[in-house]
Amino acid sequence: MRLPELRIGSLVARIPIVQGGMAVRISTAPLASAVANEGGIGIIAATGMSVAELRNEIRKARALTKGLIGINCMFAVREFANLVKAAMQEGIDLVVSGAGFSRDMFQWGREYRIPIVPIVSSARLARMAEKMGAAAVVVEGKEAGGHLGTDESMCKIVPEVKEAVKIPVIAAGGIVDGSDIVQAFRMGADGVQMGTRFAASVESAASDEFKQLYVRSTPQDVVLIKSPVGLPGRALKNQFWRKLTTGQDLTPANCDGCLKRCGRSFCILHALEAAQQGDMENGLVFSGASVPRVKDILPVKAIFQRLLEQVRLASES
């Protein structure tokens, strides 16, 4: 199988791989630009950043690549509008919206002529997004890392969405190698989104402790947690997870009000920041269900080379 180009509006990615936007500060300029340099679409995770920090990351990425750079921002964050508009003012190539979407964002996209790509988990939401003006949709199944919008498998949802919409469908959730990519395309996907594999890359801004937890993980280490965002989240067992499961009171003493709505059982922003910095005592490590198959930390270039060779072998079998 020769992977086709991925077309989103007027954008053309030579390799149909979108790097997942992993927050907080896992997906920054070095990772996004490295993916873009290989012909994929690099994504900067805007969630948890200030507007000034996001502008700086976009400018850093632009200095490192002539490829396609987007942002991913959770609709649930209070600064969603300001972050998205700032990215558009910086000339970002596309915007991926997670954990919801609204009519306003599509209007901003039209004003700035920038494609909007919501993450959806059903054919109904995909149709709604297409009617509002989505240029493509990322279809995320229960195998994904981080916050989850469904308990249905990607393998079930992708064909349903493909039948329901005419815009490009990007499969996400549990994709870590070339055989997964081939399977997604055989289901009708126009592209794939991969987060977990790129979190364990040299260019990822995750701490070494974070990356090593990925490499050491077993299927028994992959768990679901209840996030204060109001959605389940897929993560890995560590010291912080043990605090969550043993009933320790993790209610934050002070709240920054980073979310539009928050259960305040713990501070999700601080927990993700701690993990990125290597503090496993206070850090929540999100990952996809297929993380036990990630056994090494490689440069992005080597990851792409391996993926393309795996695609070739899987398509011949």
# chains A, B, ... in the order shown; residues from 1 in each chain; ligands from 1
>>> closest_atom_pairs(of="range 56-161 of chain A", to="range 192-216 of chain A", cutoff="9 Å", atoms="only C-alpha atoms", output="tab-separated table")
residue	atom	partner	partner_atom	distance
A:Val138	CA	A:Gln193	CA	7.4
A:Val139	CA	A:Gln193	CA	8.9
A:Glu140	CA	A:Gln193	CA	8.8
A:Ala144	CA	A:Gly195	CA	8.4
A:Gly145	CA	A:Thr196	CA	7.3
>>> write_last_selection(atoms="N, CA and C atoms", output="mmCIF file, in the first residue's frame")
data_model
loop_
_atom_site.group_PDB
_atom_site.id
_atom_site.type_symbol
_atom_site.label_atom_id
_atom_site.label_comp_id
_atom_site.auth_asym_id
_atom_site.auth_seq_id
_atom_site.Cartn_x
_atom_site.Cartn_y
_atom_site.Cartn_z
ATOM 1 N N VAL A 138 -11.501 14.384 13.115
ATOM 2 C CA VAL A 138 -10.712 13.324 13.731
ATOM 3 C C VAL A 138 -11.696 12.432 14.480
ATOM 4 N N VAL A 139 -11.726 11.159 14.131
ATOM 5 C CA VAL A 139 -12.665 10.218 14.752
ATOM 6 C C VAL A 139 -11.902 9.407 15.785
ATOM 7 N N GLU A 140 -12.179 9.689 17.046
ATOM 8 C CA GLU A 140 -11.407 9.106 18.145
ATOM 9 C C GLU A 140 -12.208 8.029 18.854
ATOM 10 N N ALA A 144 -8.016 5.674 22.555
ATOM 11 C CA ALA A 144 -7.169 6.866 22.606
ATOM 12 C C ALA A 144 -6.675 7.143 24.022
ATOM 13 N N GLY A 145 -5.666 7.980 24.096
ATOM 14 C CA GLY A 145 -5.179 8.434 25.396
ATOM 15 C C GLY A 145 -5.856 9.729 25.802
#
>>> select_by_dssp(residues="range 40-198 of chain A", states="strand (DSSP E or B)", output="PyMOL selection string")
chain A and resi 41-45+68-74+77+94-98+116-120+137-140+146-147+169-172+191-194
>>> residues_around(residues="Lys66 in chain A", least_positions_apart="6", cutoff="10 Å", atoms="only C-alpha atoms", output="list in words")
Ser33, Ala36, Asn37 and Gly39 of chain A
>>> residues_around(residues="range 119-134 of chain A", least_positions_apart="2", cutoff="9 Å", atoms="only C-alpha atoms", output="PDB file with all heavy atoms, in the first residue's frame")
ATOM      1  N   VAL A  96      -7.344  22.037  15.510  1.00  0.00           N
ATOM      2  CA  VAL A  96      -8.042  20.833  15.965  1.00  0.00           C
ATOM      3  C   VAL A  96      -8.673  21.146  17.312  1.00  0.00           C
ATOM      4  O   VAL A  96      -8.004  21.655  18.222  1.00  0.00           O
ATOM      5  CB  VAL A  96      -7.067  19.638  16.098  1.00  0.00           C
ATOM      6  CG1 VAL A  96      -7.810  18.404  16.603  1.00  0.00           C
ATOM      7  CG2 VAL A  96      -6.391  19.351  14.766  1.00  0.00           C
ATOM      8  N   SER A  97      -9.953  20.855  17.445  1.00  0.00           N
ATOM      9  CA  SER A  97     -10.684  21.128  18.681  1.00  0.00           C
ATOM     10  C   SER A  97     -11.065  19.828  19.361  1.00  0.00           C
ATOM     11  O   SER A  97     -11.717  18.972  18.761  1.00  0.00           O
ATOM     12  CB  SER A  97     -11.954  21.930  18.371  1.00  0.00           C
ATOM     13  OG  SER A  97     -12.814  21.964  19.489  1.00  0.00           O
ATOM     14  N   GLY A  98     -10.652  19.668  20.620  1.00  0.00           N
ATOM     15  CA  GLY A  98     -11.001  18.477  21.388  1.00  0.00           C
ATOM     16  C   GLY A  98     -12.022  18.791  22.463  1.00  0.00           C
ATOM     17  O   GLY A  98     -12.182  19.940  22.864  1.00  0.00           O
ATOM     18  N   ALA A  99     -12.719  17.746  22.919  1.00  0.00           N
ATOM     19  CA  ALA A  99     -13.692  17.863  24.026  1.00  0.00           C
ATOM     20  C   ALA A  99     -14.786  18.876  23.733  1.00  0.00           C
ATOM     21  O   ALA A  99     -15.198  19.644  24.599  1.00  0.00           O
ATOM     22  CB  ALA A  99     -12.982  18.202  25.342  1.00  0.00           C
ATOM     23  N   GLY A 100     -15.265  18.870  22.489  1.00  0.00           N
ATOM     24  CA  GLY A 100     -16.397  19.724  22.133  1.00  0.00           C
ATOM     25  C   GLY A 100     -16.062  20.727  21.038  1.00  0.00           C
ATOM     26  O   GLY A 100     -14.900  20.914  20.680  1.00  0.00           O
ATOM     27  N   PHE A 101     -17.099  21.363  20.500  1.00  0.00           N
ATOM     28  CA  PHE A 101     -16.920  22.415  19.504  1.00  0.00           C
ATOM     29  C   PHE A 101     -18.168  23.286  19.495  1.00  0.00           C
ATOM     30  O   PHE A 101     -19.213  22.909  20.042  1.00  0.00           O
ATOM     31  CB  PHE A 101     -16.627  21.851  18.113  1.00  0.00           C
ATOM     32  CG  PHE A 101     -17.652  20.872  17.583  1.00  0.00           C
ATOM     33  CD1 PHE A 101     -18.767  21.312  16.888  1.00  0.00           C
ATOM     34  CD2 PHE A 101     -17.492  19.503  17.770  1.00  0.00           C
ATOM     35  CE1 PHE A 101     -19.704  20.412  16.391  1.00  0.00           C
ATOM     36  CE2 PHE A 101     -18.419  18.595  17.278  1.00  0.00           C
ATOM     37  CZ  PHE A 101     -19.533  19.056  16.588  1.00  0.00           C
ATOM     38  N   SER A 102     -18.028  24.478  18.911  1.00  0.00           N
ATOM     39  CA  SER A 102     -19.154  25.414  18.853  1.00  0.00           C
ATOM     40  C   SER A 102     -19.217  26.063  17.474  1.00  0.00           C
ATOM     41  O   SER A 102     -18.246  26.037  16.714  1.00  0.00           O
ATOM     42  CB  SER A 102     -18.999  26.504  19.916  1.00  0.00           C
ATOM     43  OG  SER A 102     -17.927  27.365  19.561  1.00  0.00           O
ATOM     44  N   ARG A 103     -20.339  26.681  17.185  1.00  0.00           N
ATOM     45  CA  ARG A 103     -20.521  27.339  15.885  1.00  0.00           C
ATOM     46  C   ARG A 103     -19.517  28.474  15.693  1.00  0.00           C
ATOM     47  O   ARG A 103     -19.052  28.724  14.579  1.00  0.00           O
ATOM     48  CB  ARG A 103     -21.959  27.875  15.795  1.00  0.00           C
ATOM     49  CG  ARG A 103     -22.403  28.250  14.394  1.00  0.00           C
ATOM     50  CD  ARG A 103     -23.875  28.609  14.387  1.00  0.00           C
ATOM     51  NE  ARG A 103     -24.715  27.499  14.793  1.00  0.00           N
ATOM     52  CZ  ARG A 103     -25.113  26.509  14.001  1.00  0.00           C
ATOM     53  NH1 ARG A 103     -24.699  26.483  12.739  1.00  0.00           N
ATOM     54  NH2 ARG A 103     -25.889  25.540  14.447  1.00  0.00           N
ATOM     55  N   PHE A 106     -16.072  27.849  13.839  1.00  0.00           N
ATOM     56  CA  PHE A 106     -16.129  27.702  12.385  1.00  0.00           C
ATOM     57  C   PHE A 106     -16.208  29.068  11.703  1.00  0.00           C
ATOM     58  O   PHE A 106     -15.657  29.262  10.620  1.00  0.00           O
ATOM     59  CB  PHE A 106     -17.305  26.818  11.987  1.00  0.00           C
ATOM     60  CG  PHE A 106     -17.204  25.421  12.541  1.00  0.00           C
ATOM     61  CD1 PHE A 106     -18.002  25.013  13.595  1.00  0.00           C
ATOM     62  CD2 PHE A 106     -16.284  24.523  12.024  1.00  0.00           C
ATOM     63  CE1 PHE A 106     -17.895  23.740  14.120  1.00  0.00           C
ATOM     64  CE2 PHE A 106     -16.169  23.243  12.538  1.00  0.00           C
ATOM     65  CZ  PHE A 106     -16.974  22.850  13.593  1.00  0.00           C
ATOM     66  N   GLN A 107     -16.875  30.021  12.359  1.00  0.00           N
ATOM     67  CA  GLN A 107     -16.921  31.386  11.838  1.00  0.00           C
ATOM     68  C   GLN A 107     -15.528  32.011  11.852  1.00  0.00           C
ATOM     69  O   GLN A 107     -15.110  32.658  10.891  1.00  0.00           O
ATOM     70  CB  GLN A 107     -17.893  32.235  12.664  1.00  0.00           C
ATOM     71  CG  GLN A 107     -18.019  33.677  12.206  1.00  0.00           C
ATOM     72  CD  GLN A 107     -18.466  33.803  10.758  1.00  0.00           C
ATOM     73  OE1 GLN A 107     -19.305  33.040  10.292  1.00  0.00           O
ATOM     74  NE2 GLN A 107     -17.886  34.764  10.035  1.00  0.00           N
ATOM     75  N   GLY A 109     -12.776  30.383  11.654  1.00  0.00           N
ATOM     76  CA  GLY A 109     -12.044  29.708  10.585  1.00  0.00           C
ATOM     77  C   GLY A 109     -12.321  30.326   9.225  1.00  0.00           C
ATOM     78  O   GLY A 109     -11.413  30.495   8.397  1.00  0.00           O
ATOM     79  N   ARG A 110     -13.580  30.653   8.984  1.00  0.00           N
ATOM     80  CA  ARG A 110     -13.939  31.288   7.699  1.00  0.00           C
ATOM     81  C   ARG A 110     -13.288  32.661   7.588  1.00  0.00           C
ATOM     82  O   ARG A 110     -12.803  33.051   6.523  1.00  0.00           O
ATOM     83  CB  ARG A 110     -15.460  31.386   7.560  1.00  0.00           C
ATOM     84  CG  ARG A 110     -16.128  30.055   7.211  1.00  0.00           C
ATOM     85  CD  ARG A 110     -17.590  30.224   6.893  1.00  0.00           C
ATOM     86  NE  ARG A 110     -18.390  30.465   8.095  1.00  0.00           N
ATOM     87  CZ  ARG A 110     -18.928  29.505   8.845  1.00  0.00           C
ATOM     88  NH1 ARG A 110     -18.753  28.231   8.533  1.00  0.00           N
ATOM     89  NH2 ARG A 110     -19.647  29.808   9.913  1.00  0.00           N
ATOM     90  N   PRO A 115      -8.666  25.964   8.177  1.00  0.00           N
ATOM     91  CA  PRO A 115      -9.526  24.803   8.391  1.00  0.00           C
ATOM     92  C   PRO A 115      -9.707  24.475   9.880  1.00  0.00           C
ATOM     93  O   PRO A 115      -8.739  24.528  10.654  1.00  0.00           O
ATOM     94  CB  PRO A 115      -8.787  23.667   7.681  1.00  0.00           C
ATOM     95  CG  PRO A 115      -7.815  24.328   6.771  1.00  0.00           C
ATOM     96  CD  PRO A 115      -7.457  25.620   7.402  1.00  0.00           C
ATOM     97  N   ILE A 116     -10.932  24.131  10.236  1.00  0.00           N
ATOM     98  CA  ILE A 116     -11.254  23.703  11.598  1.00  0.00           C
ATOM     99  C   ILE A 116     -11.550  22.212  11.562  1.00  0.00           C
ATOM    100  O   ILE A 116     -12.360  21.743  10.761  1.00  0.00           O
ATOM    101  CB  ILE A 116     -12.478  24.456  12.151  1.00  0.00           C
ATOM    102  CG1 ILE A 116     -12.272  25.971  12.052  1.00  0.00           C
ATOM    103  CG2 ILE A 116     -12.758  24.027  13.592  1.00  0.00           C
ATOM    104  CD1 ILE A 116     -11.143  26.517  12.881  1.00  0.00           C
ATOM    105  N   VAL A 117     -10.892  21.466  12.453  1.00  0.00           N
ATOM    106  CA  VAL A 117     -11.004  20.008  12.471  1.00  0.00           C
ATOM    107  C   VAL A 117     -11.392  19.552  13.880  1.00  0.00           C
ATOM    108  O   VAL A 117     -10.538  19.440  14.753  1.00  0.00           O
ATOM    109  CB  VAL A 117      -9.673  19.348  12.048  1.00  0.00           C
ATOM    110  CG1 VAL A 117      -9.820  17.827  12.026  1.00  0.00           C
ATOM    111  CG2 VAL A 117      -9.221  19.870  10.691  1.00  0.00           C
ATOM    112  N   ALA A 136     -12.569  18.747   8.103  1.00  0.00           N
ATOM    113  CA  ALA A 136     -12.309  17.325   8.299  1.00  0.00           C
ATOM    114  C   ALA A 136     -12.707  17.011   9.731  1.00  0.00           C
ATOM    115  O   ALA A 136     -12.999  17.921  10.518  1.00  0.00           O
ATOM    116  CB  ALA A 136     -10.832  16.992   8.067  1.00  0.00           C
ATOM    117  N   VAL A 137     -12.736  15.729  10.070  1.00  0.00           N
ATOM    118  CA  VAL A 137     -12.976  15.334  11.453  1.00  0.00           C
ATOM    119  C   VAL A 137     -11.946  14.292  11.866  1.00  0.00           C
ATOM    120  O   VAL A 137     -11.543  13.447  11.060  1.00  0.00           O
ATOM    121  CB  VAL A 137     -14.398  14.766  11.696  1.00  0.00           C
ATOM    122  CG1 VAL A 137     -15.440  15.870  11.672  1.00  0.00           C
ATOM    123  CG2 VAL A 137     -14.731  13.663  10.694  1.00  0.00           C
ATOM    124  N   VAL A 138     -11.501  14.384  13.115  1.00  0.00           N
ATOM    125  CA  VAL A 138     -10.712  13.324  13.731  1.00  0.00           C
ATOM    126  C   VAL A 138     -11.696  12.432  14.480  1.00  0.00           C
ATOM    127  O   VAL A 138     -12.441  12.908  15.333  1.00  0.00           O
ATOM    128  CB  VAL A 138      -9.663  13.884  14.709  1.00  0.00           C
ATOM    129  CG1 VAL A 138      -8.958  12.746  15.448  1.00  0.00           C
ATOM    130  CG2 VAL A 138      -8.653  14.743  13.968  1.00  0.00           C
ATOM    131  N   VAL A 139     -11.726  11.159  14.131  1.00  0.00           N
ATOM    132  CA  VAL A 139     -12.665  10.218  14.752  1.00  0.00           C
ATOM    133  C   VAL A 139     -11.902   9.407  15.785  1.00  0.00           C
ATOM    134  O   VAL A 139     -11.076   8.562  15.450  1.00  0.00           O
ATOM    135  CB  VAL A 139     -13.311   9.302  13.701  1.00  0.00           C
ATOM    136  CG1 VAL A 139     -14.270   8.330  14.361  1.00  0.00           C
ATOM    137  CG2 VAL A 139     -14.025  10.133  12.658  1.00  0.00           C
ATOM    138  N   GLU A 140     -12.179   9.689  17.046  1.00  0.00           N
ATOM    139  CA  GLU A 140     -11.407   9.106  18.145  1.00  0.00           C
ATOM    140  C   GLU A 140     -12.208   8.029  18.854  1.00  0.00           C
ATOM    141  O   GLU A 140     -13.306   8.289  19.348  1.00  0.00           O
ATOM    142  CB  GLU A 140     -11.011  10.210  19.121  1.00  0.00           C
ATOM    143  CG  GLU A 140      -9.926   9.828  20.087  1.00  0.00           C
ATOM    144  CD  GLU A 140      -9.450  11.024  20.886  1.00  0.00           C
ATOM    145  OE1 GLU A 140     -10.103  11.369  21.880  1.00  0.00           O
ATOM    146  OE2 GLU A 140      -8.433  11.637  20.494  1.00  0.00           O
ATOM    147  N   GLY A 141     -11.641   6.832  18.910  1.00  0.00           N
ATOM    148  CA  GLY A 141     -12.277   5.725  19.599  1.00  0.00           C
ATOM    149  C   GLY A 141     -11.813   5.602  21.036  1.00  0.00           C
ATOM    150  O   GLY A 141     -10.976   6.375  21.515  1.00  0.00           O
ATOM    151  N   LYS A 142     -12.334   4.597  21.726  1.00  0.00           N
ATOM    152  CA  LYS A 142     -12.053   4.411  23.149  1.00  0.00           C
ATOM    153  C   LYS A 142     -10.595   4.041  23.413  1.00  0.00           C
ATOM    154  O   LYS A 142     -10.134   4.096  24.557  1.00  0.00           O
ATOM    155  CB  LYS A 142     -12.956   3.324  23.722  1.00  0.00           C
ATOM    156  CG  LYS A 142     -12.684   1.923  23.167  1.00  0.00           C
ATOM    157  CD  LYS A 142     -13.563   0.885  23.831  1.00  0.00           C
ATOM    158  CE  LYS A 142     -13.252  -0.528  23.317  1.00  0.00           C
ATOM    159  NZ  LYS A 142     -14.085  -1.557  23.975  1.00  0.00           N
ATOM    160  N   LEU A 148     -11.648  10.934  26.961  1.00  0.00           N
ATOM    161  CA  LEU A 148     -12.369  10.095  26.006  1.00  0.00           C
ATOM    162  C   LEU A 148     -13.834  10.520  25.914  1.00  0.00           C
ATOM    163  O   LEU A 148     -14.485  10.783  26.924  1.00  0.00           O
ATOM    164  CB  LEU A 148     -12.304   8.626  26.446  1.00  0.00           C
ATOM    165  CG  LEU A 148     -10.901   8.041  26.643  1.00  0.00           C
ATOM    166  CD1 LEU A 148     -10.989   6.626  27.196  1.00  0.00           C
ATOM    167  CD2 LEU A 148     -10.122   8.063  25.342  1.00  0.00           C
ATOM    168  N   GLY A 149     -14.333  10.520  24.674  1.00  0.00           N
ATOM    169  CA  GLY A 149     -15.724  10.894  24.459  1.00  0.00           C
ATOM    170  C   GLY A 149     -16.628   9.726  24.139  1.00  0.00           C
ATOM    171  O   GLY A 149     -17.803   9.922  23.823  1.00  0.00           O
ATOM    172  N   THR A 150     -16.094   8.499  24.223  1.00  0.00           N
ATOM    173  CA  THR A 150     -16.896   7.327  23.852  1.00  0.00           C
ATOM    174  C   THR A 150     -16.337   6.073  24.510  1.00  0.00           C
ATOM    175  O   THR A 150     -15.177   6.048  24.929  1.00  0.00           O
ATOM    176  CB  THR A 150     -16.881   7.134  22.318  1.00  0.00           C
ATOM    177  OG1 THR A 150     -17.715   6.034  21.962  1.00  0.00           O
ATOM    178  CG2 THR A 150     -15.473   6.864  21.807  1.00  0.00           C
ATOM    179  N   GLU A 152     -16.893   3.330  22.587  1.00  0.00           N
ATOM    180  CA  GLU A 152     -16.929   2.532  21.360  1.00  0.00           C
ATOM    181  C   GLU A 152     -15.545   2.492  20.713  1.00  0.00           C
ATOM    182  O   GLU A 152     -14.786   3.465  20.764  1.00  0.00           O
ATOM    183  CB  GLU A 152     -17.919   3.134  20.351  1.00  0.00           C
ATOM    184  CG  GLU A 152     -19.354   3.193  20.829  1.00  0.00           C
ATOM    185  CD  GLU A 152     -20.100   1.882  20.606  1.00  0.00           C
ATOM    186  OE1 GLU A 152     -19.444   0.882  20.269  1.00  0.00           O
ATOM    187  OE2 GLU A 152     -21.331   1.888  20.763  1.00  0.00           O
ATOM    188  N   MET A 154     -12.640   2.530  17.849  1.00  0.00           N
ATOM    189  CA  MET A 154     -12.379   3.234  16.604  1.00  0.00           C
ATOM    190  C   MET A 154     -12.807   2.402  15.397  1.00  0.00           C
ATOM    191  O   MET A 154     -13.334   2.929  14.417  1.00  0.00           O
ATOM    192  CB  MET A 154     -10.891   3.562  16.489  1.00  0.00           C
ATOM    193  CG  MET A 154     -10.506   4.282  15.218  1.00  0.00           C
ATOM    194  SD  MET A 154      -8.738   4.224  14.909  1.00  0.00           S
ATOM    195  CE  MET A 154      -8.511   2.498  14.444  1.00  0.00           C
ATOM    196  N   ILE A 157     -16.478   2.992  14.903  1.00  0.00           N
ATOM    197  CA  ILE A 157     -16.936   4.355  14.623  1.00  0.00           C
ATOM    198  C   ILE A 157     -16.481   4.860  13.260  1.00  0.00           C
ATOM    199  O   ILE A 157     -17.244   5.520  12.537  1.00  0.00           O
ATOM    200  CB  ILE A 157     -16.448   5.324  15.725  1.00  0.00           C
ATOM    201  CG1 ILE A 157     -16.857   4.841  17.103  1.00  0.00           C
ATOM    202  CG2 ILE A 157     -17.042   6.716  15.492  1.00  0.00           C
ATOM    203  CD1 ILE A 157     -16.205   5.606  18.229  1.00  0.00           C
ATOM    204  N   VAL A 158     -15.233   4.568  12.881  1.00  0.00           N
ATOM    205  CA  VAL A 158     -14.691   5.128  11.638  1.00  0.00           C
ATOM    206  C   VAL A 158     -15.544   4.783  10.413  1.00  0.00           C
ATOM    207  O   VAL A 158     -15.900   5.680   9.631  1.00  0.00           O
ATOM    208  CB  VAL A 158     -13.215   4.721  11.431  1.00  0.00           C
ATOM    209  CG1 VAL A 158     -12.752   5.009  10.004  1.00  0.00           C
ATOM    210  CG2 VAL A 158     -12.327   5.456  12.417  1.00  0.00           C
ATOM    211  N   GLU A 160     -18.668   4.079  10.257  1.00  0.00           N
ATOM    212  CA  GLU A 160     -19.955   4.778  10.390  1.00  0.00           C
ATOM    213  C   GLU A 160     -19.820   6.246  10.012  1.00  0.00           C
ATOM    214  O   GLU A 160     -20.681   6.813   9.316  1.00  0.00           O
ATOM    215  CB  GLU A 160     -20.466   4.643  11.824  1.00  0.00           C
ATOM    216  CG  GLU A 160     -20.836   3.225  12.223  1.00  0.00           C
ATOM    217  CD  GLU A 160     -21.182   3.078  13.691  1.00  0.00           C
ATOM    218  OE1 GLU A 160     -20.983   4.049  14.460  1.00  0.00           O
ATOM    219  OE2 GLU A 160     -21.651   1.986  14.087  1.00  0.00           O
ATOM    220  N   VAL A 161     -18.743   6.876  10.463  1.00  0.00           N
ATOM    221  CA  VAL A 161     -18.526   8.289  10.147  1.00  0.00           C
ATOM    222  C   VAL A 161     -18.218   8.461   8.662  1.00  0.00           C
ATOM    223  O   VAL A 161     -18.716   9.386   8.009  1.00  0.00           O
ATOM    224  CB  VAL A 161     -17.390   8.869  11.012  1.00  0.00           C
ATOM    225  CG1 VAL A 161     -17.030  10.286  10.547  1.00  0.00           C
ATOM    226  CG2 VAL A 161     -17.781   8.878  12.482  1.00  0.00           C
ATOM    227  N   LYS A 162     -17.422   7.562   8.117  1.00  0.00           N
ATOM    228  CA  LYS A 162     -17.060   7.649   6.696  1.00  0.00           C
ATOM    229  C   LYS A 162     -18.302   7.607   5.813  1.00  0.00           C
ATOM    230  O   LYS A 162     -18.393   8.311   4.801  1.00  0.00           O
ATOM    231  CB  LYS A 162     -16.114   6.498   6.341  1.00  0.00           C
ATOM    232  CG  LYS A 162     -15.561   6.548   4.938  1.00  0.00           C
ATOM    233  CD  LYS A 162     -14.666   7.770   4.726  1.00  0.00           C
ATOM    234  CE  LYS A 162     -14.130   7.823   3.304  1.00  0.00           C
ATOM    235  NZ  LYS A 162     -13.380   9.063   3.049  1.00  0.00           N
ATOM    236  N   GLU A 163     -19.278   6.824   6.211  1.00  0.00           N
ATOM    237  CA  GLU A 163     -20.526   6.718   5.452  1.00  0.00           C
ATOM    238  C   GLU A 163     -21.398   7.952   5.630  1.00  0.00           C
ATOM    239  O   GLU A 163     -22.198   8.294   4.766  1.00  0.00           O
ATOM    240  CB  GLU A 163     -21.286   5.470   5.907  1.00  0.00           C
ATOM    241  CG  GLU A 163     -22.487   5.132   5.046  1.00  0.00           C
ATOM    242  CD  GLU A 163     -23.141   3.821   5.448  1.00  0.00           C
ATOM    243  OE1 GLU A 163     -22.450   2.973   6.053  1.00  0.00           O
ATOM    244  OE2 GLU A 163     -24.330   3.647   5.146  1.00  0.00           O
ATOM    245  N   ALA A 164     -21.218   8.655   6.769  1.00  0.00           N
ATOM    246  CA  ALA A 164     -22.113   9.757   7.112  1.00  0.00           C
ATOM    247  C   ALA A 164     -21.687  11.114   6.560  1.00  0.00           C
ATOM    248  O   ALA A 164     -22.515  12.016   6.433  1.00  0.00           O
ATOM    249  CB  ALA A 164     -22.238   9.850   8.633  1.00  0.00           C
ATOM    250  N   VAL A 165     -20.383  11.294   6.260  1.00  0.00           N
ATOM    251  CA  VAL A 165     -19.897  12.613   5.842  1.00  0.00           C
ATOM    252  C   VAL A 165     -19.087  12.522   4.546  1.00  0.00           C
ATOM    253  O   VAL A 165     -18.629  11.451   4.156  1.00  0.00           O
ATOM    254  CB  VAL A 165     -19.025  13.267   6.947  1.00  0.00           C
ATOM    255  CG1 VAL A 165     -19.830  13.466   8.225  1.00  0.00           C
ATOM    256  CG2 VAL A 165     -17.758  12.453   7.217  1.00  0.00           C
ATOM    257  N   LYS A 166     -18.900  13.683   3.927  1.00  0.00           N
ATOM    258  CA  LYS A 166     -18.106  13.758   2.700  1.00  0.00           C
ATOM    259  C   LYS A 166     -16.715  14.341   2.949  1.00  0.00           C
ATOM    260  O   LYS A 166     -15.854  14.277   2.077  1.00  0.00           O
ATOM    261  CB  LYS A 166     -18.838  14.594   1.651  1.00  0.00           C
ATOM    262  CG  LYS A 166     -20.138  13.954   1.151  1.00  0.00           C
ATOM    263  CD  LYS A 166     -20.770  14.819   0.072  1.00  0.00           C
ATOM    264  CE  LYS A 166     -21.976  14.121  -0.567  1.00  0.00           C
ATOM    265  NZ  LYS A 166     -23.041  13.813   0.406  1.00  0.00           N
ATOM    266  N   ILE A 167     -16.498  14.962   4.094  1.00  0.00           N
ATOM    267  CA  ILE A 167     -15.195  15.547   4.418  1.00  0.00           C
ATOM    268  C   ILE A 167     -14.213  14.451   4.836  1.00  0.00           C
ATOM    269  O   ILE A 167     -14.629  13.338   5.178  1.00  0.00           O
ATOM    270  CB  ILE A 167     -15.336  16.605   5.534  1.00  0.00           C
ATOM    271  CG1 ILE A 167     -16.055  16.013   6.764  1.00  0.00           C
ATOM    272  CG2 ILE A 167     -16.077  17.836   5.015  1.00  0.00           C
ATOM    273  CD1 ILE A 167     -16.193  16.970   7.931  1.00  0.00           C
TER     274      ILE A 167
END
>>> select_by_dssp(residues="range 37-273 of chain A", states="helix (DSSP H, G or I)", output="PyMOL selection string")
chain A and resi 37+51-64+80-89+103-112+123-132+154-164+178-186+196-199+208-216+219-221+239-245+268-273
>>> closest_residue(among="A:Gln220, A:Arg14, A:Gly146, A:Asp93", to="Arg2 in chain A", atoms="only C-alpha atoms")
A:Arg14
>>> residues_around(residues="Asn238 in chain A", least_positions_apart="2", cutoff="9 Å", atoms="only C-alpha atoms", output="PyMOL selection string")
chain A and resi 213+221+236+240-243+280-281+283-285
>>> residues_around(residues="Phe185 in chain A", least_positions_apart="4", cutoff="12 Å", atoms="only C-alpha atoms", output="list in words")
Met1, Arg2, Leu3, Pro4, Leu6, Pro16, Ile17, Cys155, Val158, Pro159, Lys162, Pro168, Val169, Ile170, Ala171, Ala172, Ile175, Gly178, Ser179, Asp180, Ile181, Ala189, Asp190, Gly191, Val192, Gln193, Val311, Ala314 and Ser315 of chain A
>>> residues_around(residues="Gly233 in chain A", least_positions_apart="2", cutoff="8 Å", atoms="only C-alpha atoms", output="PyMOL selection string")
chain A and resi 145-148+224-227+231+235+286
>>> atom_distance(atom1="CA of Ile303 in chain A", atom2="CA of Val35 in chain A")
9.6 Å
